[in-house]
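Engineer: This structure is in structure tokens; I'll ask about it shortly.
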Amino acid sequence: SIAAAQWARGHLPANSHMAADAVNSVLMAAVGHMSPVNDVSGQVNVGPIYFDQTFTQHDLSLIRGARIRYFVVDDRLTESLPHVGVYFASGETPSPQRLTGAELAKFQAFPGLVRIYDNGPIQIYDASALLGIPSVRGDPGTSGAPLQDGADPFVLVLATILVAIWARVLI
């Protein structure tokens with residue numbers, strides 16, 4: 001997760017809207033300088049997009065409405081139920097349930113999404129085509145220089161504290 005966030009910082013436009021599970025959202029914000037889309041930030045709960053078997057018209061309207069440019073898909077989420085009751089936000093499913101490989105596989109098969117990063121368990125998909133904007137395609141020459149050389153330890157500690165508080169509130 002940290003490697004993916006570091007890659008995002010160096011290869012994607014800063015403050016791009018990105019959907020991810022709660023833990024990856026915090027890392028993408030703190031380390032990757034991305035702008036996570038979630039209901040905590042007053043936007044949308046992206047959980048249903050991940051839990052749907054296929055992309056629905058409602059999912060596409062959420063993506064376009066929230067201007068979600070990138071999706072983080074963490075295959076490890078299929079291995080167990082969420083440790084804090086939810087992966088994304090309260091109300092993502094009627095009761096805690098595990099994401100399936102089929103639900104996450106839809107990201108690689110959907111026209112309009114392009115996988116631009118893959119480190120094994122984590123992939124990042126570019127949804128620029130769905131938004132009608134030019135794609136970065138992971139090319140560091142088009143996204144500018146990284147904002148810093150490594151993770152900011154203060155921000156990383158703050159992010160860890162926020163995840164712990166968030167987890168405690170949900171339990």
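Chains: A, B, ... in order of the structure tokens. Residues: from 1 per chain. Ligands: from 1, in order shown.
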As a ChimeraX atom specification, please: every residue in chain A that a backbone DSSP assignment puts in strand (DSSP E).
Structural biologist: /A:17-19,35-36,70-74,114-118,122-126
Engineer: Could you list, as a PyMOL selection string, every residue within 10 Å of A:Leu62, counting only C-alpha atoms and ignoring same-chain residues fewer than 6 positions away?
Structural biologist: chain A and resi 43-46+48-49+56+68
Engineer: As a list in words, please: the residues near stretch 14-28 of chain A (cut-off 8 Å, only C-alpha atoms, same-chain neighbours under 3 positions excluded).
Structural biologist: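 Near stretch 14-28 of chain A, the qualifying residues are Ser1, Ile2, Ala5, Ala8, Arg9, Val31, Gly32, His33, Met34, Ser35, Pro36, Val37, Asn38, Val46, Gly47, Ala66, Arg67, Ile68, Arg69, Tyr70, Phe71, Val72, Val73, Tyr87, Phe88, Ala89, Leu156, Ala159 and Val163 of chain A.
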Engineer: Suppose you want the space between atom CA of A:His83 and atom CA of A:Pro121; what is it in Å?
Structural biologist: 17.6 Å
Engineer: Could you tell me which of A:Ser95, A:Ser61, A:Thr160, A:Gln123 comes closest to A:Ala29 if we count only C-alpha atoms?
Structural biologist: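 Distance minimum relative to A:Ala29 lands on A:Thr160.
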Engineer: Can you list every residue in stretch 4-41 of chain A that DSSP puts in alpha helix (DSSP H), as an NGL selection string?
Structural biologist: :A and (4-11 or 22-30)
Engineer: Save the residues we just selected, C-alpha atoms, as a compact mmCIF listing (two decimals), in the first residue's frame?
Structural biologist:
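Done, and the output landed in out20.txt:
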```txt
# COMPACT_ATOMS: atom_id res chain seq x y z
CA ALA A 4 1.44 2.25 -4.41
CA ALA A 5 0.95 5.58 -2.64
CA GLN A 6 4.56 6.55 -3.30
CA TRP A 7 4.12 5.64 -6.96
CA ALA A 8 0.96 7.74 -7.16
CA ARG A 9 2.81 10.71 -5.67
CA GLY A 10 5.47 10.50 -8.36
CA HIS A 11 3.31 9.65 -11.36
CA ALA A 22 -10.42 3.28 3.98
CA VAL A 23 -6.82 2.30 4.71
CA ASN A 24 -5.58 2.90 1.17
CA SER A 25 -7.50 6.20 1.07
CA VAL A 26 -5.58 7.48 4.07
CA LEU A 27 -2.25 6.40 2.58
CA MET A 28 -3.10 7.85 -0.83
CA ALA A 29 -3.90 11.17 0.84
CA ALA A 30 -0.95 11.27 3.24
```
